[in-house]
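S.K.: Take a look at this one; I'll ask things after.
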Amino acid sequence: MLRPLLFALVWSLVVTGCEIAALALRGEALSGRLLGVIAIFATGSLLGGLTAWPIARLLTFARRRNRARACFAAMTLSLAVTTTAITGFLFYLQFAQYYGQWHTDRPSWRMLWETIFTSATSSYIFAVAGIRPLLPVLLPALLVAALAFARIEPRRSV
């Protein structure tokens with residue numbers, strides 16, 4: 001139980017550090033809005049790291065041959081997907097809260113329409129403004145994290 005928690009904490013520190021560095025390189029001044037963005041990335045990566053570990057173990061549970069390769073592939077996929085999905089969802093929640101003041105609160109077709117377009121817009125902004133600047137830096141970190149998992153996990157008994 002300690003290894004997944006430590007893994008998620010280190011992953012969160014790496015992602016948060018990369019986000020802070022990316023914001024600093026763009027010349028962004030530290031403000032409440034940027035602290036919120038940093039908190040979203042920190043929380044999303046922590047929860048993504050915590051979620052990725054059991055998913056990767058589950059994907060490689062019955063694997064006997066080439067277990068280290070399977071662990072590497074499973075962690076690469078699960079860490080990338082869970083971190084992106086959870087961080088994107090947290091970004092959507094913040095986005096929807098802000099724009100919710102202009103949306104209708106009664107269940108209707110209009111509410112469905114507004115929810116769909118708010119989620120599409122937040123996904124687009126997250127992909128373009130959130131992930132794209134981090135991709136060149138986080139891709140090697142993702143591979144190192146998957147390699148660390150692949151070195152630890154095959155030693156355990158199945």
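Going through the structure tokens in order, the chains are called A, B, and so on, while each chain numbers its residues from 1 and the ligands are numbered from 1 in the order shown.
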Give me the residues within 12 Å of Trp53 (chain A) as a PDB file with N, CA, C and O atoms, in the first residue's frame, counting only C-alpha atoms and dropping any in the same chain fewer than 6 places off.
M.R.:
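Wrote part-v8.pdb, looks like this:
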ATOM      1  N   MET A   1       0.818  -1.197   0.000  1.00  0.00           N
ATOM      2  CA  MET A   1       0.000   0.000   0.000  1.00  0.00           C
ATOM      3  C   MET A   1       0.861   1.260   0.000  1.00  0.00           C
ATOM      4  O   MET A   1       0.454   2.280  -0.506  1.00  0.00           O
ATOM      5  N   LEU A   2       2.047   1.174   0.562  1.00  0.00           N
ATOM      6  CA  LEU A   2       2.919   2.336   0.625  1.00  0.00           C
ATOM      7  C   LEU A   2       3.523   2.665  -0.741  1.00  0.00           C
ATOM      8  O   LEU A   2       3.661   3.840  -1.089  1.00  0.00           O
ATOM      9  N   ARG A   3       3.854   1.641  -1.536  1.00  0.00           N
ATOM     10  CA  ARG A   3       4.444   1.883  -2.850  1.00  0.00           C
ATOM     11  C   ARG A   3       3.516   2.644  -3.790  1.00  0.00           C
ATOM     12  O   ARG A   3       3.960   3.594  -4.434  1.00  0.00           O
ATOM     13  N   PRO A   4       2.239   2.250  -3.917  1.00  0.00           N
ATOM     14  CA  PRO A   4       1.356   3.030  -4.797  1.00  0.00           C
ATOM     15  C   PRO A   4       1.180   4.477  -4.330  1.00  0.00           C
ATOM     16  O   PRO A   4       1.130   5.394  -5.156  1.00  0.00           O
ATOM     17  N   LEU A   5       1.115   4.679  -3.033  1.00  0.00           N
ATOM     18  CA  LEU A   5       0.959   6.037  -2.513  1.00  0.00           C
ATOM     19  C   LEU A   5       2.212   6.874  -2.783  1.00  0.00           C
ATOM     20  O   LEU A   5       2.116   8.024  -3.224  1.00  0.00           O
ATOM     21  N   LEU A   6       3.366   6.290  -2.555  1.00  0.00           N
ATOM     22  CA  LEU A   6       4.623   6.992  -2.832  1.00  0.00           C
ATOM     23  C   LEU A   6       4.770   7.263  -4.332  1.00  0.00           C
ATOM     24  O   LEU A   6       5.186   8.343  -4.738  1.00  0.00           O
ATOM     25  N   PHE A   7       4.416   6.280  -5.141  1.00  0.00           N
ATOM     26  CA  PHE A   7       4.454   6.431  -6.599  1.00  0.00           C
ATOM     27  C   PHE A   7       3.554   7.586  -7.039  1.00  0.00           C
ATOM     28  O   PHE A   7       3.966   8.433  -7.835  1.00  0.00           O
ATOM     29  N   ALA A   8       2.335   7.628  -6.528  1.00  0.00           N
ATOM     30  CA  ALA A   8       1.383   8.686  -6.901  1.00  0.00           C
ATOM     31  C   ALA A   8       1.863  10.051  -6.422  1.00  0.00           C
ATOM     32  O   ALA A   8       1.710  11.050  -7.131  1.00  0.00           O
ATOM     33  N   TRP A  11       4.707  11.102  -8.742  1.00  0.00           N
ATOM     34  CA  TRP A  11       4.131  11.437 -10.042  1.00  0.00           C
ATOM     35  C   TRP A  11       3.442  12.803  -9.975  1.00  0.00           C
ATOM     36  O   TRP A  11       3.589  13.628 -10.881  1.00  0.00           O
ATOM     37  N   LEU A  46      -2.214  13.221  -8.817  1.00  0.00           N
ATOM     38  CA  LEU A  46      -2.171  12.369  -7.625  1.00  0.00           C
ATOM     39  C   LEU A  46      -3.230  11.272  -7.726  1.00  0.00           C
ATOM     40  O   LEU A  46      -2.931  10.080  -7.518  1.00  0.00           O
ATOM     41  N   LEU A  47      -4.447  11.647  -8.052  1.00  0.00           N
ATOM     42  CA  LEU A  47      -5.513  10.649  -8.197  1.00  0.00           C
ATOM     43  C   LEU A  47      -5.264   9.728  -9.386  1.00  0.00           C
ATOM     44  O   LEU A  47      -5.574   8.529  -9.330  1.00  0.00           O
ATOM     45  N   LEU A  59      -4.340  -5.430 -15.076  1.00  0.00           N
ATOM     46  CA  LEU A  59      -4.103  -5.777 -16.477  1.00  0.00           C
ATOM     47  C   LEU A  59      -3.018  -6.842 -16.642  1.00  0.00           C
ATOM     48  O   LEU A  59      -3.018  -7.584 -17.627  1.00  0.00           O
ATOM     49  N   THR A  60      -2.094  -6.919 -15.700  1.00  0.00           N
ATOM     50  CA  THR A  60      -0.992  -7.882 -15.811  1.00  0.00           C
ATOM     51  C   THR A  60      -1.088  -9.005 -14.780  1.00  0.00           C
ATOM     52  O   THR A  60      -0.115  -9.713 -14.560  1.00  0.00           O
ATOM     53  N   PHE A  61      -2.225  -9.165 -14.165  1.00  0.00           N
ATOM     54  CA  PHE A  61      -2.383 -10.118 -13.070  1.00  0.00           C
ATOM     55  C   PHE A  61      -2.049 -11.553 -13.488  1.00  0.00           C
ATOM     56  O   PHE A  61      -1.283 -12.234 -12.819  1.00  0.00           O
ATOM     57  N   CYS A  71       4.017  -5.199 -17.741  1.00  0.00           N
ATOM     58  CA  CYS A  71       3.874  -4.186 -16.684  1.00  0.00           C
ATOM     59  C   CYS A  71       4.220  -2.797 -17.201  1.00  0.00           C
ATOM     60  O   CYS A  71       3.543  -1.818 -16.885  1.00  0.00           O
ATOM     61  N   PHE A  72       5.277  -2.710 -18.008  1.00  0.00           N
ATOM     62  CA  PHE A  72       5.670  -1.427 -18.592  1.00  0.00           C
ATOM     63  C   PHE A  72       4.557  -0.873 -19.482  1.00  0.00           C
ATOM     64  O   PHE A  72       4.169   0.299 -19.371  1.00  0.00           O
ATOM     65  N   ALA A  74       1.344  -1.724 -19.547  1.00  0.00           N
ATOM     66  CA  ALA A  74       0.120  -1.465 -18.785  1.00  0.00           C
ATOM     67  C   ALA A  74       0.220  -0.172 -17.987  1.00  0.00           C
ATOM     68  O   ALA A  74      -0.731   0.615 -17.936  1.00  0.00           O
ATOM     69  N   MET A  75       1.370   0.082 -17.373  1.00  0.00           N
ATOM     70  CA  MET A  75       1.518   1.306 -16.599  1.00  0.00           C
ATOM     71  C   MET A  75       1.584   2.534 -17.507  1.00  0.00           C
ATOM     72  O   MET A  75       1.032   3.579 -17.172  1.00  0.00           O
ATOM     73  N   THR A  76       2.249   2.424 -18.637  1.00  0.00           N
ATOM     74  CA  THR A  76       2.300   3.548 -19.570  1.00  0.00           C
ATOM     75  C   THR A  76       0.892   3.943 -19.994  1.00  0.00           C
ATOM     76  O   THR A  76       0.513   5.115 -19.941  1.00  0.00           O
ATOM     77  N   LEU A  77       0.114   2.963 -20.379  1.00  0.00           N
ATOM     78  CA  LEU A  77      -1.248   3.226 -20.823  1.00  0.00           C
ATOM     79  C   LEU A  77      -2.134   3.714 -19.681  1.00  0.00           C
ATOM     80  O   LEU A  77      -2.819   4.737 -19.804  1.00  0.00           O
ATOM     81  N   SER A  78      -2.121   3.018 -18.563  1.00  0.00           N
ATOM     82  CA  SER A  78      -3.030   3.377 -17.477  1.00  0.00           C
ATOM     83  C   SER A  78      -2.657   4.711 -16.835  1.00  0.00           C
ATOM     84  O   SER A  78      -3.532   5.508 -16.488  1.00  0.00           O
ATOM     85  N   LEU A  79      -1.373   5.003 -16.691  1.00  0.00           N
ATOM     86  CA  LEU A  79      -0.969   6.275 -16.091  1.00  0.00           C
ATOM     87  C   LEU A  79      -1.311   7.443 -17.002  1.00  0.00           C
ATOM     88  O   LEU A  79      -1.800   8.482 -16.535  1.00  0.00           O
ATOM     89  N   ALA A  80      -1.083   7.290 -18.297  1.00  0.00           N
ATOM     90  CA  ALA A  80      -1.429   8.362 -19.233  1.00  0.00           C
ATOM     91  C   ALA A  80      -2.938   8.606 -19.268  1.00  0.00           C
ATOM     92  O   ALA A  80      -3.398   9.749 -19.195  1.00  0.00           O
ATOM     93  N   VAL A  81      -3.706   7.539 -19.344  1.00  0.00           N
ATOM     94  CA  VAL A  81      -5.157   7.677 -19.465  1.00  0.00           C
ATOM     95  C   VAL A  81      -5.780   8.194 -18.165  1.00  0.00           C
ATOM     96  O   VAL A  81      -6.589   9.124 -18.195  1.00  0.00           O
ATOM     97  N   THR A  82      -5.409   7.617 -17.033  1.00  0.00           N
ATOM     98  CA  THR A  82      -6.045   8.047 -15.781  1.00  0.00           C
ATOM     99  C   THR A  82      -5.656   9.469 -15.401  1.00  0.00           C
ATOM    100  O   THR A  82      -6.501  10.241 -14.961  1.00  0.00           O
ATOM    101  N   THR A  83      -4.397   9.830 -15.585  1.00  0.00           N
ATOM    102  CA  THR A  83      -3.976  11.189 -15.245  1.00  0.00           C
ATOM    103  C   THR A  83      -4.678  12.203 -16.132  1.00  0.00           C
ATOM    104  O   THR A  83      -5.196  13.210 -15.648  1.00  0.00           O
ATOM    105  N   ALA A 145       8.405   6.505 -15.178  1.00  0.00           N
ATOM    106  CA  ALA A 145       7.476   5.988 -14.165  1.00  0.00           C
ATOM    107  C   ALA A 145       7.033   4.567 -14.514  1.00  0.00           C
ATOM    108  O   ALA A 145       6.960   3.696 -13.638  1.00  0.00           O
ATOM    109  N   ALA A 146       6.750   4.323 -15.774  1.00  0.00           N
ATOM    110  CA  ALA A 146       6.353   2.972 -16.199  1.00  0.00           C
ATOM    111  C   ALA A 146       7.500   1.989 -16.039  1.00  0.00           C
ATOM    112  O   ALA A 146       7.295   0.833 -15.651  1.00  0.00           O
ATOM    113  N   ALA A 148       9.898   2.207 -13.787  1.00  0.00           N
ATOM    114  CA  ALA A 148      10.016   1.951 -12.345  1.00  0.00           C
ATOM    115  C   ALA A 148       8.972   0.930 -11.898  1.00  0.00           C
ATOM    116  O   ALA A 148       9.274   0.015 -11.122  1.00  0.00           O
ATOM    117  N   PHE A 149       7.754   1.059 -12.395  1.00  0.00           N
ATOM    118  CA  PHE A 149       6.705   0.094 -12.069  1.00  0.00           C
ATOM    119  C   PHE A 149       7.069  -1.288 -12.598  1.00  0.00           C
ATOM    120  O   PHE A 149       6.878  -2.295 -11.903  1.00  0.00           O
ATOM    121  N   ALA A 150       7.588  -1.345 -13.810  1.00  0.00           N
ATOM    122  CA  ALA A 150       7.947  -2.629 -14.418  1.00  0.00           C
ATOM    123  C   ALA A 150       9.097  -3.307 -13.681  1.00  0.00           C
ATOM    124  O   ALA A 150       9.193  -4.536 -13.667  1.00  0.00           O
ATOM    125  N   ILE A 152       9.605  -2.990 -10.367  1.00  0.00           N
ATOM    126  CA  ILE A 152       9.113  -3.357  -9.032  1.00  0.00           C
ATOM    127  C   ILE A 152       8.117  -4.511  -9.114  1.00  0.00           C
ATOM    128  O   ILE A 152       8.221  -5.479  -8.368  1.00  0.00           O
ATOM    129  N   GLU A 153       7.170  -4.420 -10.013  1.00  0.00           N
ATOM    130  CA  GLU A 153       6.025  -5.317 -10.007  1.00  0.00           C
ATOM    131  C   GLU A 153       6.329  -6.755 -10.386  1.00  0.00           C
ATOM    132  O   GLU A 153       5.755  -7.658  -9.781  1.00  0.00           O
TER     133      GLU A 153
END
S.K.: Find the residues around region 15-19 of chain A up to 9 Å (only C-alpha atoms counted), leave out those fewer than 5 positions away in its own chain, and share them as a PyMOL selection string.
M.R.: chain A and resi 10+24+37-39+41-42+45+130+133-134+137-138+141
S.K.: Kindly save the residues from that selection, with N, CA and C atoms included, as a PDB file, in the first residue's frame.
M.R.:
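And here's again02.pdb as it stands now:
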ATOM      1  N   VAL A  10       5.039  11.015  -5.952  1.00  0.00           N
ATOM      2  CA  VAL A  10       6.160  11.440  -6.800  1.00  0.00           C
ATOM      3  C   VAL A  10       5.645  11.852  -8.186  1.00  0.00           C
ATOM      4  N   ALA A  24       5.808  29.322 -15.814  1.00  0.00           N
ATOM      5  CA  ALA A  24       6.886  30.305 -15.627  1.00  0.00           C
ATOM      6  C   ALA A  24       7.558  30.636 -16.955  1.00  0.00           C
ATOM      7  N   VAL A  37      -5.224  26.402 -11.294  1.00  0.00           N
ATOM      8  CA  VAL A  37      -4.784  25.504 -12.366  1.00  0.00           C
ATOM      9  C   VAL A  37      -3.738  24.526 -11.832  1.00  0.00           C
ATOM     10  N   ILE A  38      -2.798  25.034 -11.056  1.00  0.00           N
ATOM     11  CA  ILE A  38      -1.763  24.173 -10.472  1.00  0.00           C
ATOM     12  C   ILE A  38      -2.388  23.141  -9.532  1.00  0.00           C
ATOM     13  N   ALA A  39      -3.373  23.563  -8.753  1.00  0.00           N
ATOM     14  CA  ALA A  39      -4.054  22.634  -7.837  1.00  0.00           C
ATOM     15  C   ALA A  39      -4.811  21.557  -8.603  1.00  0.00           C
ATOM     16  N   PHE A  41      -3.986  20.341 -11.585  1.00  0.00           N
ATOM     17  CA  PHE A  41      -2.990  19.399 -12.092  1.00  0.00           C
ATOM     18  C   PHE A  41      -2.410  18.538 -10.965  1.00  0.00           C
ATOM     19  N   ALA A  42      -2.177  19.131  -9.804  1.00  0.00           N
ATOM     20  CA  ALA A  42      -1.635  18.366  -8.679  1.00  0.00           C
ATOM     21  C   ALA A  42      -2.620  17.294  -8.221  1.00  0.00           C
ATOM     22  N   SER A  45      -3.170  14.564 -11.065  1.00  0.00           N
ATOM     23  CA  SER A  45      -2.052  13.629 -11.221  1.00  0.00           C
ATOM     24  C   SER A  45      -1.909  12.712 -10.009  1.00  0.00           C
ATOM     25  N   GLY A 130      -3.635  22.917 -21.782  1.00  0.00           N
ATOM     26  CA  GLY A 130      -3.160  22.199 -20.612  1.00  0.00           C
ATOM     27  C   GLY A 130      -2.178  21.088 -20.907  1.00  0.00           C
ATOM     28  N   PRO A 133       1.492  21.882 -23.926  1.00  0.00           N
ATOM     29  CA  PRO A 133       2.800  22.374 -23.479  1.00  0.00           C
ATOM     30  C   PRO A 133       3.555  21.384 -22.583  1.00  0.00           C
ATOM     31  N   LEU A 134       2.833  20.491 -21.920  1.00  0.00           N
ATOM     32  CA  LEU A 134       3.476  19.546 -21.003  1.00  0.00           C
ATOM     33  C   LEU A 134       3.936  18.260 -21.687  1.00  0.00           C
ATOM     34  N   VAL A 137       7.717  17.301 -22.085  1.00  0.00           N
ATOM     35  CA  VAL A 137       8.432  17.086 -20.827  1.00  0.00           C
ATOM     36  C   VAL A 137       7.895  15.860 -20.094  1.00  0.00           C
ATOM     37  N   LEU A 138       6.585  15.681 -20.121  1.00  0.00           N
ATOM     38  CA  LEU A 138       5.989  14.587 -19.356  1.00  0.00           C
ATOM     39  C   LEU A 138       6.084  13.224 -20.035  1.00  0.00           C
ATOM     40  N   ALA A 141       9.007  11.478 -18.558  1.00  0.00           N
ATOM     41  CA  ALA A 141       8.681  11.175 -17.161  1.00  0.00           C
ATOM     42  C   ALA A 141       7.693  10.012 -17.073  1.00  0.00           C
TER      43      ALA A 141
END
S.K.: Quote the spacing between CA of Ala96 (chain A) and CA of Leu23 (chain A) in Å to one decimal place.
M.R.: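 Distance between the two atoms: 22.9 Å.
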S.K.: Could you please write out, as a PyMOL selection string, every residue of region 49-148 of chain A that DSSP assigns to alpha helix (DSSP H)?
M.R.: chain A and resi 49-59+67-99+109-125+135-148
S.K.: Ranking A:Ser123, A:Thr84, A:Ser108, A:Thr118 by minimum distance to Thr43 (chain A) and counting only C-alpha atoms, which one comes first?
M.R.: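 The answer is A:Thr84, which sits nearest to Thr43 (chain A).
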S.K.: Name the closest residue to Pro136 (chain A) among the candidates A:Leu13, A:Ala22, A:Ile116, A:Leu50; distances are taken between atoms, counting only C-alpha atoms.
M.R.: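 Between A:Leu13, A:Ala22, A:Ile116, A:Leu50, the residue approaching Pro136 (chain A) most closely is A:Ala22.
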S.K.: Do a neighbour search on Tyr99 (chain A) at 10 Å with only C-alpha atoms, toss out local chain neighbours closer than 5 positions, and write the hits as number ranges by chain.
M.R.: A: 93-94, 114-115, 118
S.K.: Would you save the residues of that selection, restricted to all heavy atoms, as an mmCIF file, in the first residue's frame?
M.R.:
data_model
loop_
_atom_site.group_PDB
_atom_site.id
_atom_site.type_symbol
_atom_site.label_atom_id
_atom_site.label_comp_id
_atom_site.auth_asym_id
_atom_site.auth_seq_id
_atom_site.Cartn_x
_atom_site.Cartn_y
_atom_site.Cartn_z
ATOM 1 N N LEU A 93 -15.044 20.346 -14.238
ATOM 2 C CA LEU A 93 -15.849 20.761 -13.092
ATOM 3 C C LEU A 93 -15.645 22.234 -12.763
ATOM 4 O O LEU A 93 -16.602 22.960 -12.470
ATOM 5 C CB LEU A 93 -15.526 19.896 -11.869
ATOM 6 C CG LEU A 93 -15.994 18.456 -11.912
ATOM 7 C CD1 LEU A 93 -15.546 17.728 -10.652
ATOM 8 C CD2 LEU A 93 -17.498 18.369 -12.066
ATOM 9 N N GLN A 94 -14.396 22.690 -12.825
ATOM 10 C CA GLN A 94 -14.111 24.097 -12.569
ATOM 11 C C GLN A 94 -14.715 24.965 -13.665
ATOM 12 O O GLN A 94 -15.300 26.006 -13.394
ATOM 13 C CB GLN A 94 -12.591 24.310 -12.478
ATOM 14 C CG GLN A 94 -12.154 25.687 -12.035
ATOM 15 C CD GLN A 94 -12.017 26.674 -13.172
ATOM 16 O OE1 GLN A 94 -11.808 26.310 -14.320
ATOM 17 N NE2 GLN A 94 -12.170 27.927 -12.843
ATOM 18 N N GLU A 114 -26.333 22.817 -23.184
ATOM 19 C CA GLU A 114 -25.305 23.608 -22.505
ATOM 20 C C GLU A 114 -24.238 22.727 -21.863
ATOM 21 O O GLU A 114 -23.047 23.047 -21.910
ATOM 22 C CB GLU A 114 -25.954 24.502 -21.444
ATOM 23 C CG GLU A 114 -26.775 25.617 -22.011
ATOM 24 C CD GLU A 114 -27.613 26.344 -20.979
ATOM 25 O OE1 GLU A 114 -27.793 25.819 -19.858
ATOM 26 O OE2 GLU A 114 -28.086 27.440 -21.291
ATOM 27 N N THR A 115 -24.646 21.617 -21.287
ATOM 28 C CA THR A 115 -23.695 20.693 -20.664
ATOM 29 C C THR A 115 -22.780 20.065 -21.709
ATOM 30 O O THR A 115 -21.566 19.968 -21.496
ATOM 31 C CB THR A 115 -24.443 19.592 -19.887
ATOM 32 O OG1 THR A 115 -25.287 20.210 -18.919
ATOM 33 C CG2 THR A 115 -23.479 18.646 -19.205
ATOM 34 N N THR A 118 -20.403 22.814 -22.953
ATOM 35 C CA THR A 118 -19.441 23.192 -21.915
ATOM 36 C C THR A 118 -18.367 22.126 -21.784
ATOM 37 O O THR A 118 -17.174 22.434 -21.673
ATOM 38 C CB THR A 118 -20.147 23.401 -20.566
ATOM 39 O OG1 THR A 118 -21.099 24.451 -20.709
ATOM 40 C CG2 THR A 118 -19.170 23.776 -19.474
#
S.K.: What does the structure give for the distance between CA of Leu112 (chain A) and CA of Tyr124 (chain A), in Å to one decimal?
M.R.: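 Separation of CA of Leu112 (chain A) and CA of Tyr124 (chain A): 18.3 Å.
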S.K.: Could you state the separation of CA of Ala56 (chain A) and CA of Leu147 (chain A) in Å, given to one decimal place?
M.R.: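 Between these atoms lies a distance of 12.3 Å.
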S.K.: I want to know what sits within 10 Å of Phe95 (chain A), based on only C-alpha atoms, with residues of the same chain fewer than 5 positions away left out; could you give that as a PyMOL selection string?
M.R.: chain A and resi 89-90+100+118-119+121-123+125
S.K.: Output the selection as an mmCIF file, in the first residue's frame - C-alpha atoms for each residue.
M.R.:
data_model
loop_
_atom_site.group_PDB
_atom_site.id
_atom_site.type_symbol
_atom_site.label_atom_id
_atom_site.label_comp_id
_atom_site.auth_asym_id
_atom_site.auth_seq_id
_atom_site.Cartn_x
_atom_site.Cartn_y
_atom_site.Cartn_z
ATOM 1 C CA PHE A 89 -12.615 15.991 -15.439
ATOM 2 C CA LEU A 90 -11.455 18.300 -12.636
ATOM 3 C CA GLY A 100 -22.959 27.505 -14.674
ATOM 4 C CA THR A 118 -19.441 23.192 -21.915
ATOM 5 C CA SER A 119 -17.766 19.785 -21.711
ATOM 6 C CA THR A 121 -15.224 23.444 -24.859
ATOM 7 C CA SER A 122 -13.453 22.521 -21.625
ATOM 8 C CA SER A 123 -12.003 19.403 -23.264
ATOM 9 C CA ILE A 125 -9.149 24.096 -23.917
#
